[in-house]
Structures are given as structure tokens and as C-alpha cells.
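This is upload_12.txt (compact mmCIF, C-alpha atoms).
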# COMPACT_ATOMS: atom_id res chain seq x y z
CA MET A 1 13.67 4.87 21.97
CA GLU A 2 14.64 8.55 21.94
CA LEU A 3 18.13 8.70 20.47
CA GLN A 4 19.07 12.36 21.02
CA GLY A 5 22.17 12.45 23.21
CA LYS A 6 22.28 8.64 23.56
CA ARG A 7 25.68 6.94 23.45
CA VAL A 8 25.33 4.56 20.49
CA VAL A 9 28.05 2.21 19.28
CA VAL A 10 27.80 1.03 15.67
CA VAL A 11 29.70 -2.21 15.01
CA GLY A 12 30.97 -2.56 11.44
CA THR A 13 32.44 0.07 9.13
CA GLY A 14 30.93 -0.98 5.77
CA ILE A 15 27.88 0.36 3.91
CA SER A 16 25.46 -0.62 6.69
CA GLY A 17 27.60 0.81 9.48
CA CYS A 18 28.20 4.12 7.73
CA GLY A 19 24.51 4.38 6.84
CA ALA A 20 23.64 3.85 10.50
CA VAL A 21 26.03 6.64 11.50
CA LYS A 22 24.31 9.01 9.06
CA LEU A 23 20.90 8.27 10.55
CA LEU A 24 22.14 8.52 14.12
CA ASN A 25 23.79 11.84 13.36
CA ALA A 26 20.48 13.13 12.02
CA GLU A 27 18.90 12.14 15.34
CA SER A 28 21.68 13.87 17.35
CA ALA A 29 22.99 10.69 18.97
CA ASP A 30 26.53 10.45 20.36
CA VAL A 31 28.06 7.93 17.95
CA ILE A 32 31.07 5.63 18.09
CA LEU A 33 31.90 3.60 14.97
CA TYR A 34 33.72 0.43 15.99
CA ASP A 35 35.76 -2.17 14.09
CA SER A 36 37.50 -5.04 15.88
CA ASN A 37 40.29 -4.97 13.29
CA GLU A 38 42.92 -2.76 14.88
CA LYS A 39 44.75 -2.57 11.54
CA ALA A 40 41.75 -1.17 9.65
CA ASP A 41 42.49 2.00 7.69
CA GLU A 42 40.87 4.88 9.59
CA GLY A 43 41.38 7.19 6.62
CA LYS A 44 39.33 4.92 4.34
CA ILE A 45 36.64 4.62 7.00
CA ARG A 46 36.46 8.43 7.15
CA GLU A 47 36.06 8.50 3.37
CA ARG A 48 33.12 6.08 3.61
CA LEU A 49 31.55 8.27 6.29
CA ASN A 50 31.52 11.11 3.75
CA GLY A 51 31.67 13.85 6.34
CA GLU A 52 29.41 12.22 8.93
CA ASN A 53 30.48 12.64 12.54
CA ALA A 54 31.57 9.66 14.62
CA LYS A 55 34.42 8.72 16.91
CA ILE A 56 36.22 5.75 15.32
CA VAL A 57 37.49 3.02 17.62
CA LEU A 58 39.58 0.11 16.31
CA GLY A 59 40.70 -3.03 18.10
CA GLU A 60 39.59 -3.67 21.67
CA PHE A 61 36.03 -2.96 22.82
CA THR A 62 36.99 -1.70 26.26
CA GLU A 63 35.13 -2.17 29.52
CA GLU A 64 34.65 1.61 29.66
CA MET A 65 32.92 1.52 26.26
CA LYS A 66 30.69 -1.32 27.41
CA THR A 67 29.55 0.51 30.52
CA GLN A 68 28.83 3.72 28.60
CA THR A 69 26.99 2.17 25.63
CA GLU A 70 23.22 2.74 25.68
CA LEU A 71 22.45 1.13 22.32
CA LEU A 72 24.49 -1.28 20.20
CA VAL A 73 23.80 -1.26 16.45
CA ILE A 74 25.30 -4.24 14.62
CA SER A 75 25.99 -4.62 10.93
CA PRO A 76 24.81 -7.82 9.17
CA GLY A 77 28.30 -9.32 9.39
CA VAL A 78 28.16 -9.43 13.21
CA PRO A 79 26.55 -12.68 14.50
CA ILE A 80 23.99 -12.33 17.30
CA ASP A 81 25.82 -15.09 19.18
CA SER A 82 29.13 -13.21 19.11
CA GLU A 83 30.84 -12.60 22.44
CA LEU A 84 30.27 -8.84 22.27
CA VAL A 85 26.56 -9.08 21.49
CA LEU A 86 25.94 -11.68 24.20
CA ASP A 87 27.87 -9.56 26.72
CA MET A 88 25.87 -6.42 25.90
CA LYS A 89 22.57 -8.30 26.16
CA LYS A 90 23.59 -9.54 29.61
CA ARG A 91 24.06 -5.89 30.53
CA ASN A 92 20.51 -5.20 29.27
CA VAL A 93 21.82 -2.97 26.50
CA PRO A 94 19.44 -3.03 23.48
CA VAL A 95 21.02 -4.60 20.41
CA TRP A 96 19.54 -3.55 17.06
CA GLY A 97 20.51 -4.46 13.54
CA GLU A 98 20.66 -1.80 10.87
CA ILE A 99 17.21 -2.86 9.58
CA GLU A 100 15.61 -2.50 13.00
CA LEU A 101 17.23 0.89 13.52
CA ALA A 102 15.97 2.17 10.17
CA PHE A 103 12.44 0.83 10.66
CA HIS A 104 12.21 2.91 13.86
CA PHE A 105 12.08 5.96 11.53
CA GLU A 106 10.03 4.54 8.64
CA LYS A 107 7.03 6.74 7.73
CA GLY A 108 5.65 4.82 4.73
CA ARG A 109 4.87 1.19 4.02
CA VAL A 110 7.49 -1.53 3.71
CA ILE A 111 7.67 -4.44 1.29
CA ALA A 112 10.34 -6.95 2.35
CA ILE A 113 11.83 -9.82 0.37
CA THR A 114 14.07 -12.66 1.52
CA GLY A 115 15.06 -16.14 0.34
CA THR A 116 18.24 -18.09 -0.25
CA ASN A 117 18.24 -17.31 -3.97
CA GLY A 118 16.58 -14.77 -6.24
CA LYS A 119 16.33 -11.94 -3.70
CA THR A 120 18.21 -9.34 -5.70
CA THR A 121 16.42 -9.92 -8.99
CA THR A 122 13.00 -10.05 -7.32
CA THR A 123 13.69 -6.96 -5.23
CA ALA A 124 14.98 -4.99 -8.20
CA LEU A 125 11.98 -5.97 -10.33
CA THR A 126 9.51 -5.28 -7.52
CA GLY A 127 11.17 -1.94 -6.90
CA GLN A 128 10.91 -1.02 -10.58
CA ILE A 129 7.21 -1.97 -10.62
CA MET A 130 6.45 -0.07 -7.41
CA ARG A 131 8.36 3.00 -8.62
CA ALA A 132 6.38 2.99 -11.86
CA ALA A 133 3.19 3.06 -9.78
CA ASN A 134 4.55 5.53 -7.21
CA PRO A 135 7.76 7.54 -7.78
CA LYS A 136 8.14 7.82 -4.00
CA THR A 137 9.62 4.33 -3.81
CA PHE A 138 12.96 3.45 -2.23
CA VAL A 139 14.81 0.18 -2.96
CA VAL A 140 17.13 -0.70 -0.08
CA GLY A 141 18.79 -3.39 2.01
CA ASN A 142 21.05 -6.15 0.84
CA ILE A 143 20.73 -4.86 -2.74
CA GLY A 144 23.27 -2.06 -2.25
CA LEU A 145 21.67 1.02 -0.64
CA SER A 146 21.52 0.93 3.14
CA TYR A 147 18.06 1.25 4.66
CA THR A 148 19.41 3.64 7.29
CA GLY A 149 20.79 5.89 4.57
CA GLU A 150 17.40 6.24 2.85
CA VAL A 151 14.76 6.00 5.58
CA LEU A 152 14.67 9.71 6.49
CA LYS A 153 13.45 10.39 2.92
CA THR A 154 10.32 8.29 3.47
CA SER A 155 6.86 9.81 3.87
CA GLU A 156 3.35 8.60 4.62
CA ASP A 157 2.74 8.01 0.90
CA SER A 158 6.08 6.32 0.10
CA ASN A 159 7.04 2.68 -0.43
CA THR A 160 10.23 1.02 0.75
CA VAL A 161 11.13 -2.21 -1.06
CA ALA A 162 13.80 -4.01 0.96
CA GLU A 163 15.99 -7.03 0.19
CA ILE A 164 16.58 -8.64 3.57
CA SER A 165 19.20 -11.30 4.31
CA SER A 166 19.07 -13.87 7.08
CA PHE A 167 21.90 -11.98 8.78
CA GLN A 168 19.67 -8.89 8.93
CA LEU A 169 16.63 -10.84 10.13
CA GLU A 170 18.53 -12.19 13.13
CA SER A 171 18.25 -8.87 14.96
CA ILE A 172 14.77 -7.56 14.16
CA GLU A 173 12.18 -6.81 16.86
CA ASN A 174 9.50 -4.46 15.52
CA PHE A 175 10.30 -4.61 11.79
CA HIS A 176 6.91 -4.90 10.11
CA PRO A 177 6.37 -5.08 6.34
CA VAL A 178 2.83 -4.85 4.94
CA VAL A 179 3.82 -7.33 2.22
CA SER A 180 6.65 -9.82 2.67
CA ALA A 181 8.03 -12.66 0.59
CA ILE A 182 10.16 -15.74 1.18
CA LEU A 183 11.28 -16.99 -2.23
CA ASN A 184 12.89 -20.29 -1.20
CA ILE A 185 14.97 -21.82 1.59
CA THR A 186 17.91 -24.06 0.74
CA PRO A 187 21.11 -24.75 2.75
CA ASP A 188 23.33 -21.66 2.99
CA HIS A 189 25.33 -19.76 5.61
CA LEU A 190 25.36 -22.80 7.90
CA ASN A 191 28.76 -21.66 9.16
CA ARG A 192 26.82 -18.72 10.66
CA HIS A 193 23.43 -20.25 11.57
CA HIS A 194 24.89 -23.67 12.50
CA THR A 195 21.73 -25.69 11.73
CA MET A 196 19.24 -25.75 8.88
CA GLU A 197 16.41 -25.39 11.39
CA CYS A 198 17.92 -22.17 12.73
CA TYR A 199 18.42 -20.83 9.21
CA GLU A 200 14.79 -21.61 8.27
CA GLN A 201 13.43 -19.98 11.41
CA THR A 202 15.53 -16.88 10.80
CA LYS A 203 14.17 -16.49 7.25
CA GLU A 204 10.62 -16.98 8.50
CA ARG A 205 11.00 -14.07 10.92
CA ILE A 206 10.38 -11.65 8.03
CA CYS A 207 6.62 -11.92 8.58
CA GLU A 208 6.47 -12.52 12.34
CA ASN A 209 4.94 -9.09 13.03
CA GLN A 210 2.41 -9.19 10.19
CA THR A 211 -1.34 -9.45 10.81
CA SER A 212 -3.97 -11.55 9.08
CA ASP A 213 -4.83 -8.54 6.89
CA GLU A 214 -1.28 -8.44 5.48
CA VAL A 215 0.30 -10.67 2.85
CA VAL A 216 3.27 -13.02 2.78
CA VAL A 217 4.18 -14.39 -0.65
CA LEU A 218 5.57 -17.95 -0.54
CA ASN A 219 6.95 -20.50 -2.99
CA TYR A 220 4.51 -23.43 -3.23
CA ASP A 221 7.21 -25.65 -4.74
CA ASP A 222 9.36 -25.34 -1.60
CA GLU A 223 8.22 -28.00 0.88
CA ARG A 224 9.57 -26.04 3.85
CA LEU A 225 7.59 -22.97 2.86
CA ARG A 226 4.47 -24.98 2.07
CA ALA A 227 4.55 -26.22 5.67
CA PHE A 228 5.28 -22.72 6.97
CA GLY A 229 2.25 -21.40 5.06
CA GLU A 230 0.05 -23.46 7.38
CA LYS A 231 1.53 -21.74 10.47
CA THR A 232 1.97 -18.08 9.62
CA GLN A 233 -0.70 -15.62 10.74
CA ALA A 234 -0.28 -13.47 7.60
CA LYS A 235 -2.44 -14.11 4.53
CA VAL A 236 -0.52 -16.41 2.16
CA VAL A 237 -0.30 -15.77 -1.58
CA TRP A 238 1.54 -18.54 -3.42
CA PHE A 239 3.61 -18.69 -6.58
CA ALA A 240 4.28 -22.02 -8.24
CA ARG A 241 6.30 -23.16 -11.24
CA VAL A 242 6.09 -26.96 -10.90
CA ASN A 243 3.20 -27.78 -8.57
CA ARG A 244 -0.07 -25.92 -8.34
CA PRO A 245 -2.22 -25.08 -5.28
CA THR A 246 -5.85 -26.17 -5.46
CA THR A 247 -7.22 -23.31 -3.36
CA GLY A 248 -6.32 -19.78 -2.36
CA THR A 249 -4.64 -16.99 -4.30
CA PHE A 250 -1.63 -17.86 -6.43
CA ALA A 251 0.40 -17.21 -9.56
CA PHE A 252 1.42 -20.27 -11.54
CA LEU A 253 3.19 -21.33 -14.72
CA ASP A 254 1.03 -23.19 -17.22
CA GLY A 255 3.34 -24.27 -20.04
CA GLU A 256 4.91 -20.96 -21.10
CA THR A 257 2.12 -18.77 -19.72
CA ILE A 258 2.09 -17.08 -16.31
CA LYS A 259 -1.42 -17.13 -14.88
CA TYR A 260 -3.04 -15.81 -11.70
CA SER A 261 -5.83 -17.47 -9.75
CA GLU A 262 -7.96 -15.62 -7.20
CA ASP A 263 -11.29 -16.80 -5.79
CA GLY A 264 -11.32 -19.53 -8.44
CA LYS A 265 -11.03 -17.05 -11.31
CA VAL A 266 -7.95 -17.65 -13.51
CA THR A 267 -6.39 -14.80 -15.53
CA ASP A 268 -3.73 -15.18 -18.23
CA LEU A 269 -1.01 -12.60 -17.57
CA MET A 270 1.88 -13.10 -20.01
CA ASN A 271 4.03 -15.52 -21.99
CA VAL A 272 7.50 -16.00 -20.51
CA HIS A 273 9.10 -15.14 -23.86
CA GLU A 274 7.76 -11.60 -23.57
CA MET A 275 10.43 -10.77 -20.97
CA ASN A 276 14.20 -10.29 -21.11
CA LEU A 277 15.07 -12.63 -18.22
CA ILE A 278 16.19 -16.17 -19.02
CA GLY A 279 16.00 -19.37 -16.98
CA ALA A 280 13.22 -21.19 -15.11
CA HIS A 281 14.33 -19.67 -11.80
CA ASN A 282 13.60 -16.22 -13.23
CA TYR A 283 10.03 -17.29 -14.03
CA GLU A 284 9.72 -17.87 -10.27
CA ASN A 285 11.24 -14.48 -9.49
CA VAL A 286 8.81 -12.78 -11.88
CA MET A 287 5.80 -14.59 -10.42
CA ALA A 288 6.89 -13.61 -6.92
CA ALA A 289 7.23 -9.95 -7.97
CA ILE A 290 3.82 -10.05 -9.63
CA CYS A 291 2.22 -11.44 -6.46
CA ILE A 292 3.96 -8.85 -4.29
CA ALA A 293 2.96 -5.94 -6.52
CA LYS A 294 -0.65 -7.13 -6.82
CA ALA A 295 -0.83 -7.45 -3.02
CA ALA A 296 0.44 -3.86 -2.83
CA GLY A 297 -2.39 -2.72 -5.09
CA VAL A 298 -0.53 -2.09 -8.35
CA PRO A 299 -2.66 -2.55 -11.51
CA ASP A 300 -1.84 -5.48 -13.79
CA SER A 301 -1.12 -3.16 -16.71
CA VAL A 302 1.68 -1.43 -14.80
CA ILE A 303 3.09 -4.70 -13.47
CA LEU A 304 3.25 -6.44 -16.84
CA GLU A 305 4.71 -3.44 -18.67
CA GLN A 306 7.59 -3.29 -16.17
CA VAL A 307 8.17 -7.06 -16.29
CA ARG A 308 8.50 -6.86 -20.07
CA ILE A 309 11.14 -4.11 -20.01
CA PHE A 310 13.10 -5.30 -16.95
CA LYS A 311 16.76 -6.21 -17.58
CA ALA A 312 18.81 -8.76 -15.63
CA VAL A 313 20.45 -7.53 -12.46
CA GLU A 314 24.20 -6.94 -12.57
CA HIS A 315 26.21 -10.03 -11.52
CA ARG A 316 23.17 -12.36 -11.84
CA ILE A 317 23.45 -14.31 -15.14
CA GLU A 318 24.49 -10.99 -16.64
CA TYR A 319 25.44 -11.11 -20.31
CA VAL A 320 28.91 -9.54 -20.66
CA ALA A 321 30.03 -9.88 -24.30
CA THR A 322 30.45 -12.21 -27.25
CA LYS A 323 34.05 -12.80 -28.33
CA ASN A 324 34.81 -15.09 -31.30
CA ASP A 325 31.22 -16.41 -31.04
CA VAL A 326 31.75 -17.35 -27.38
CA MET A 327 29.17 -15.79 -25.05
CA TYR A 328 30.43 -14.68 -21.60
CA TYR A 329 28.09 -14.48 -18.60
CA ASN A 330 28.79 -13.00 -15.17
CA ASP A 331 26.92 -14.77 -12.35
CA SER A 332 29.24 -13.69 -9.55
CA LYS A 333 26.21 -13.44 -7.25
CA GLY A 334 25.83 -17.21 -7.53
CA THR A 335 27.46 -17.58 -4.10
CA ASN A 336 25.96 -20.95 -3.16
CA PRO A 337 25.44 -24.20 -5.08
CA GLU A 338 21.67 -23.79 -5.48
CA ALA A 339 22.03 -20.32 -7.04
CA ALA A 340 24.78 -21.54 -9.35
CA VAL A 341 22.70 -24.52 -10.47
CA LYS A 342 20.01 -22.12 -11.72
CA ALA A 343 22.62 -20.29 -13.81
CA ILE A 344 24.01 -23.54 -15.22
CA GLU A 345 20.52 -24.71 -16.17
CA ALA A 346 19.90 -21.41 -17.99
CA MET A 347 22.82 -22.06 -20.37
CA SER A 348 21.80 -23.31 -23.83
CA ARG A 349 25.37 -23.64 -25.24
CA PRO A 350 28.25 -25.98 -24.27
CA THR A 351 29.63 -24.15 -21.25
CA ILE A 352 32.99 -23.62 -19.56
CA LEU A 353 32.10 -23.05 -15.92
CA ILE A 354 34.23 -21.00 -13.51
CA GLY A 355 33.79 -22.08 -9.87
CA GLY A 356 35.37 -21.86 -6.45
CA GLY A 357 35.97 -19.31 -3.72
CA TYR A 358 35.50 -18.94 0.04
CA ASP A 359 34.24 -22.00 1.92
CA LYS A 360 30.89 -21.38 3.67
CA GLY A 361 30.52 -25.06 4.55
CA SER A 362 28.47 -25.93 1.44
CA GLU A 363 28.33 -29.31 -0.27
CA TYR A 364 28.66 -29.37 -4.06
CA ASP A 365 26.77 -32.49 -5.17
CA LEU A 366 23.84 -30.49 -6.62
CA TYR A 367 26.28 -28.20 -8.42
CA ILE A 368 28.10 -31.10 -10.11
CA LYS A 369 24.91 -33.02 -10.91
CA ALA A 370 23.67 -29.99 -12.89
CA PHE A 371 26.65 -30.25 -15.29
CA GLU A 372 25.13 -32.94 -17.52
CA GLY A 373 24.08 -31.48 -20.86
CA HIS A 374 25.52 -28.09 -19.95
CA VAL A 375 29.13 -27.99 -18.68
CA LYS A 376 32.04 -29.17 -20.85
CA GLU A 377 34.89 -27.91 -18.65
CA LEU A 378 35.27 -26.75 -15.04
CA VAL A 379 37.84 -24.07 -14.16
CA LEU A 380 38.50 -23.71 -10.42
CA ILE A 381 40.07 -21.09 -8.17
CA GLY A 382 40.03 -20.29 -4.47
CA GLN A 383 39.78 -22.04 -1.14
CA THR A 384 37.13 -24.56 -2.21
CA ALA A 385 38.92 -25.77 -5.36
CA ASP A 386 40.03 -29.05 -3.75
CA LYS A 387 36.56 -29.74 -2.34
CA ILE A 388 34.76 -29.03 -5.61
CA GLU A 389 37.24 -31.04 -7.67
CA ALA A 390 36.90 -34.04 -5.36
CA CYS A 391 33.11 -33.85 -5.67
CA ALA A 392 33.30 -33.56 -9.47
CA ARG A 393 35.60 -36.58 -9.77
CA LYS A 394 33.27 -38.55 -7.50
CA TYR A 395 30.61 -38.15 -10.18
CA GLY A 396 33.01 -38.93 -13.02
CA PHE A 397 33.57 -35.37 -14.27
CA THR A 398 37.30 -35.01 -14.95
CA ASN A 399 37.74 -32.12 -17.40
CA ILE A 400 39.00 -29.77 -14.70
CA VAL A 401 41.58 -26.97 -14.80
CA ARG A 402 43.01 -25.22 -11.72
CA CYS A 403 44.08 -21.55 -11.76
CA ASP A 404 45.64 -19.12 -9.30
CA SER A 405 43.95 -15.91 -10.41
CA LEU A 406 40.85 -14.69 -12.20
CA LYS A 407 43.01 -13.27 -14.98
CA GLU A 408 44.49 -16.72 -15.58
CA VAL A 409 40.98 -18.18 -15.51
CA VAL A 410 39.84 -15.95 -18.37
CA GLU A 411 42.97 -16.81 -20.35
CA VAL A 412 42.22 -20.54 -19.92
CA CYS A 413 38.59 -20.02 -20.99
CA VAL A 414 39.73 -18.25 -24.16
CA ARG A 415 42.19 -21.06 -24.91
CA ASP A 416 39.72 -23.91 -24.32
CA SER A 417 36.50 -22.46 -25.78
CA ASN A 418 35.18 -23.05 -29.30
CA PRO A 419 32.83 -20.89 -31.38
CA GLY A 420 29.31 -21.57 -30.18
CA ASP A 421 30.35 -22.11 -26.53
CA ALA A 422 29.52 -20.09 -23.45
CA VAL A 423 31.72 -19.13 -20.49
CA LEU A 424 29.90 -18.77 -17.18
CA LEU A 425 31.30 -17.34 -13.96
CA SER A 426 29.02 -18.92 -11.35
CA PRO A 427 31.29 -19.87 -8.46
CA ALA A 428 28.82 -21.46 -5.98
CA CYS A 429 30.98 -19.84 -3.29
CA ALA A 430 31.42 -16.52 -1.55
CA SER A 431 34.12 -14.19 -2.84
CA TRP A 432 35.92 -13.43 0.42
CA GLY A 433 39.62 -14.17 0.60
CA MET A 434 40.44 -13.37 -3.03
CA PHE A 435 38.01 -10.43 -3.45
CA ASP A 436 36.32 -7.81 -1.27
CA ASN A 437 32.86 -8.94 -2.37
CA TYR A 438 31.01 -10.61 -5.23
CA GLU A 439 30.64 -7.26 -7.02
CA GLN A 440 34.41 -6.82 -7.23
CA ARG A 441 34.80 -10.41 -8.49
CA GLY A 442 32.16 -9.85 -11.18
CA ASP A 443 33.53 -6.46 -12.20
CA MET A 444 37.05 -7.87 -12.60
CA PHE A 445 35.70 -10.73 -14.70
CA LYS A 446 33.86 -8.28 -16.96
CA ASP A 447 36.96 -6.11 -17.29
CA TYR A 448 39.10 -9.09 -18.35
CA VAL A 449 36.47 -10.26 -20.86
CA ASN A 450 35.86 -6.83 -22.36
CA ALA A 451 39.62 -6.40 -22.80
CA LEU A 452 39.86 -9.52 -25.01
Exercise: express the given structure as C-alpha cells:
Amino acid sequence: MELQGKRVVVVGTGISGCGAVKLLNAESADVILYDSNEKADEGKIRERLNGENAKIVLGEFTEEMKTQTELLVISPGVPIDSELVLDMKKRNVPVWGEIELAFHFEKGRVIAITGTNGKTTTTALTGQIMRAANPKTFVVGNIGLSYTGEVLKTSEDSNTVAEISSFQLESIENFHPVVSAILNITPDHLNRHHTMECYEQTKERICENQTSDEVVVLNYDDERLRAFGEKTQAKVVWFARVNRPTTGTFAFLDGETIKYSEDGKVTDLMNVHEMNLIGAHNYENVMAAICIAKAAGVPDSVILEQVRIFKAVEHRIEYVATKNDVMYYNDSKGTNPEAAVKAIEAMSRPTILIGGGYDKGSEYDLYIKAFEGHVKELVLIGQTADKIEACARKYGFTNIVRCDSLKEVVEVCVRDSNPGDAVLLSPACASWGMFDNYEQRGDMFKDYVNAL
């Protein structure tokens, strides 16, 4: 689609929306930036636009706007079954997500990573490996930098490593990575996708445009993905921590050694204690990144050097500080029970766990079951506190404290911890309601801890 002079409406005024405006400005489109919240602060939106040109419309999406719109670009927070999107599709107006819009201008090759858990760590590690092999590498998507804001910097010899959420995959059409990865699929965002089947199918769309010459990296331990591996047209490369494929190409964990099997030839790559990351889930993330980078043609020597020096991603089992021999960890990105379980299992000290937040419709049985041998006290805040407490008591866990603020939470953790303990913020819930996002929640936690 030629965008010069086209009337394009961008829905959503966050990072994705403002990145889309920047790209559309560069292509000389006629841009409207829209937010349904009529009380949104236009001044702050202008600040986020950083000088980019767009008419800002708040509140009602008028009939006149609908008739004049030639392309609708939606941010990840806008469901494809929303009234506005369905209405525009009925009018035969193309509806693109930010990822689809950016890909329209991609000049290099794309490596795309999705999964319920582990996306950010795997994307950051893969990006670091790819950048070591080729400085013309851009790391974008759900990890913080908008794809639309970076894509015009791409060239025929560049790599784009993209963390892609299910929300972003809902609206793709031509998006086409040369290497893709689905790390795992467990229940999440069912308030948005409604059914597990829909959520699975949305995740699987990441490789729908790939050919048999291109690679999708899948988790062999995930039964859903093992079944999907039989259906996809892309070439499957597996990674496996618990089970092991008998044929094909795959990375696997043998005791404490990561190995790689190709055409029946097995190569020892590294011992897990050579890296900075902790927790079994991170062994999976590392194996996935190794498979992705090898599929992209990066030499083993470069891959392994970068794995060894890689540090944990901010807000993902991030070590904060030790105070009075109590170690504090920030896992604010543990926004669903499965992600939080991985953080709990990584703790080697008696742990005070901080949980609770916005209710995405999750169940917390797995979260509570992971407490044994790890969690000594549960401190709860937010909308889901009642639900999590009821689940904990159902399983006989009663050492529970309720708080009204994160500041109070930290004060309780200081009061109740003993030397040799750990304090872990891993809420198993989204941050909305009390915080703008999980980053703000994690940053506030770190500020309170560092001030002790």
C-alpha cells in the first residue's frame, strides 16, 4: 500500500502508537492519533510524539472519521474483535497492527520470538548474540522499542530481532520472519482471547508465512507445540530440557550440559554454571536462543561467548540488593502464574513472596503449589488478593499478610524476614490498576529496597 497522502488513523497513544506516527510521517501520510479516553492528557501525548506531526482526537470516533479513514493502525492493546475494528473491516478499510505496518518497510531479515513466558530474556539474549555477529541488528517489539520507530534504519544486511506478543500477532497479514520461535504456550490473556484454543492459534501465527526453507524453533517439552511441530510448514528445530527428541535437529539438556544434535551428531556446547542466569526456565531460554542464532548462521564461538556474559533482563528475576543478609529480587515481569512459578523455583533461600495485582482471569493453583520448599510467607496487594488468598488457604498455606501499597509491602518484608532469607516480587498478575505497567511496579520496588 502506498501511504503518501493516505488518511491513516492510529489507535492508541502509547509507545506503539507514537512509533507508528513517526513512521507514517516519514512516509508523508495524513495522520490522526486517536484515543477513546476523552480525558487523556493531550499535552502528555504531544510529549510522547516528540515533535512528530499528527492531529490528536480524543473521545468519540465520529462517523466522519470512519468514512475518511483509508487505513486503521491499531496498537496491541486494541482487540481485533472490538466494535471499532469490526466496523472498519465491514467498511473494507484495511486494519494493520503496528508490527504489520513496520514489516511493510523492513529491508533486512527478521527473527521473531513469542511464547507465554521467557520472551523478553530470550529476545534480549538473541539480540545480543546477533549484534555481536552483526552490529546492524535492531531489537524491537514488546521488549521496549517499537518496531515502527526502528524499521526505517534497516538495510539489506541488517537483522531485526523482535519480541512479539499474542496481541501483536492478532493483526498480522504479511509479517514474515526467516527464523521464528514459540517458547511455550500456557494459559494467559484469556480475558482477551476468550479460549485457550484461540490463544494457541494466535501464538502459532508467528510462522504462518514461513516456507520449508525457514526455521521455527519450538519447545519439545510443551505438548501443544510438539503437536504443532507436526503441522507447520517451516523446518522445526527443537529445544528440550526434560524430554529429548529422537530425530531431527535439537538442543537439549543432559545433566548440567547443554548439547546440540544435528544429523545424529551430538556436540557439547556448555555447562549451565558457565552463565549468569539462574533457574531451569533460563536453561530453556538459553537453548532457544542458541537454536535461533545457529539457524541464523552465527558461529558457535560467538553464541557461547555472549551466553556466558549475558546478564538477567531488568524486572525478570533481577537481583536488586542484599540488606541485612536478605536478598531482594525483582520479578515484576512475572505477570502470570506460570512465569511466577519459574521465579519461585529459582529461589534457593526461604522466601517471602509478594503477589497480587490486576485480574486477567488466571487461576492460581500452580502458583500456590510451587510454594513448598520455597515460600515461607505470602504478602498480597491489588485486585486479586482475595482470589490468591482463597487459593492459598485451599492448599493449607496460611502465613499471609495483606497490604494496601507497595511501600507497606516492603516494610512488612523487612519486618518479617530473617538473615539468610530472600524477598521476591513475582506477582503472577498484571500491574494495571495500581501501576502504569510492570516496569513502574518493578522500579518502585527497587527504589524502596535500595532506600532501606
Counting only C-alpha atoms, the option among A:Phe103, A:Phe138, A:Phe228, A:Tyr147 closest to Asn174 (chain A):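 The shortest atom-to-atom distance to Asn174 (chain A) comes from A:Phe103.
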What's the 8 Å shell around Cys207 (chain A), counting only C-alpha atoms, without same-chain residues fewer than 4 positions away, as a compact mmCIF listing (two decimals) with C-alpha atoms, in the coordinates of the input?
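Output saved as around_18.txt:
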# COMPACT_ATOMS: atom_id res chain seq x y z
CA HIS A 176 6.91 -4.90 10.11
CA PRO A 177 6.37 -5.08 6.34
CA SER A 180 6.65 -9.82 2.67
CA VAL A 216 3.27 -13.02 2.78
CA THR A 232 1.97 -18.08 9.62
CA ALA A 234 -0.28 -13.47 7.60
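Using all atoms listed in the file, the residues found no farther than 7 Å from Ala102 (chain A), other than those of its own chain fewer than 2 positions away, are Glu98, Ile99, Glu100, His104, Phe105, Glu106, Tyr147, Thr148 and Val151 of chain A.
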Near-Asp447 (chain A) list (10 Å; all atoms listed in the file; drop same-chain fewer than 4 positions) as an MDAnalysis selection string: chainID A and resid 320 407 442:443 451:452
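For the pair CA of Gly356 (chain A) and CA of Thr120 (chain A), the interatomic distance is 21.3 Å.
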Pairwise distance for CA of Glu214 (chain A) and CA of Glu197 (chain A), rounded to one decimal in Å: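 Result for CA of Glu214 (chain A) versus CA of Glu197 (chain A): 25.2 Å, one decimal.
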Two-atom distance - CA of Val307 (chain A), CA of Arg109 (chain A) (Å): 22.2 Å
Residue neighbourhood Ser261 (chain A), 9 Å, all atoms listed in the file, exclusion window fewer than 6 positions, as JSON, numbers by chain: {"A": [247, 248, 249, 250, 251, 252, 267]}
Of the listed residues A:Cys391, A:Ala370, A:Leu24, A:Val423, that which approaches Leu353 (chain A) most closely, counting only C-alpha atoms: A:Val423
Test item: residues at most 12 Å from Ser16 (chain A), only C-alpha atoms, excluding those fewer than 6 positions along its chain, as an MDAnalysis selection string: chainID A and resid 10 22:23 33 48:49 73:78 97:102 140:150 168
Among listed residues A:Ala390, A:Leu378, A:Val242, A:Leu253, nearest Glu363 (chain A) (using all atoms listed in the file):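 Once distances to Glu363 (chain A) are computed over all atoms listed in the file, the minimum belongs to A:Ala390.
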From A:Gly361, A:Gly279, A:Pro299, A:Gly115, residue lying nearest Leu218 (chain A) [only C-alpha atoms]: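 Between A:Gly361, A:Gly279, A:Pro299, A:Gly115, the residue approaching Leu218 (chain A) most closely is A:Gly115.
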Distance query 10 Å from (4.2, -7.9, -7.1) using all atoms listed in the file, result as number ranges by chain: A: 111, 122-123, 125-127, 129-130, 179, 181, 217, 285-300, 303-304
Some atoms are absent from region 289-300 of chain A, so rebuild N, CA and C atoms and return them as a CSV table (one decimal), in the coordinates of the input.
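The resulting file, selection00.csv, is shown below:
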chain,number,residue,atom,x,y,z
A,289,ALA,N,7.4,-11.4,-7.9
A,289,ALA,CA,7.2,-10.0,-8.0
A,289,ALA,C,5.8,-9.6,-8.4
A,290,ILE,N,5.2,-10.3,-9.3
A,290,ILE,CA,3.8,-10.0,-9.6
A,290,ILE,C,2.9,-10.2,-8.4
A,291,CYS,N,3.1,-11.2,-7.7
A,291,CYS,CA,2.2,-11.4,-6.5
A,291,CYS,C,2.4,-10.3,-5.4
A,292,ILE,N,3.7,-9.9,-5.2
A,292,ILE,CA,4.0,-8.8,-4.3
A,292,ILE,C,3.3,-7.5,-4.7
A,293,ALA,N,3.5,-7.2,-6.0
A,293,ALA,CA,3.0,-5.9,-6.5
A,293,ALA,C,1.4,-5.9,-6.5
A,294,LYS,N,0.8,-7.1,-6.9
A,294,LYS,CA,-0.6,-7.1,-6.8
A,294,LYS,C,-1.1,-7.0,-5.4
A,295,ALA,N,-0.4,-7.6,-4.4
A,295,ALA,CA,-0.8,-7.4,-3.0
A,295,ALA,C,-0.7,-6.0,-2.6
A,296,ALA,N,0.2,-5.3,-3.2
A,296,ALA,CA,0.4,-3.9,-2.8
A,296,ALA,C,-0.5,-2.9,-3.6
A,297,GLY,N,-1.4,-3.5,-4.4
A,297,GLY,CA,-2.4,-2.7,-5.1
A,297,GLY,C,-2.0,-2.1,-6.4
A,298,VAL,N,-1.0,-2.6,-7.0
A,298,VAL,CA,-0.5,-2.1,-8.4
A,298,VAL,C,-1.4,-2.8,-9.5
A,299,PRO,N,-1.9,-2.0,-10.4
A,299,PRO,CA,-2.7,-2.6,-11.5
A,299,PRO,C,-1.8,-3.5,-12.4
A,300,ASP,N,-2.5,-4.5,-12.9
A,300,ASP,CA,-1.8,-5.5,-13.8
A,300,ASP,C,-1.1,-4.8,-15.0
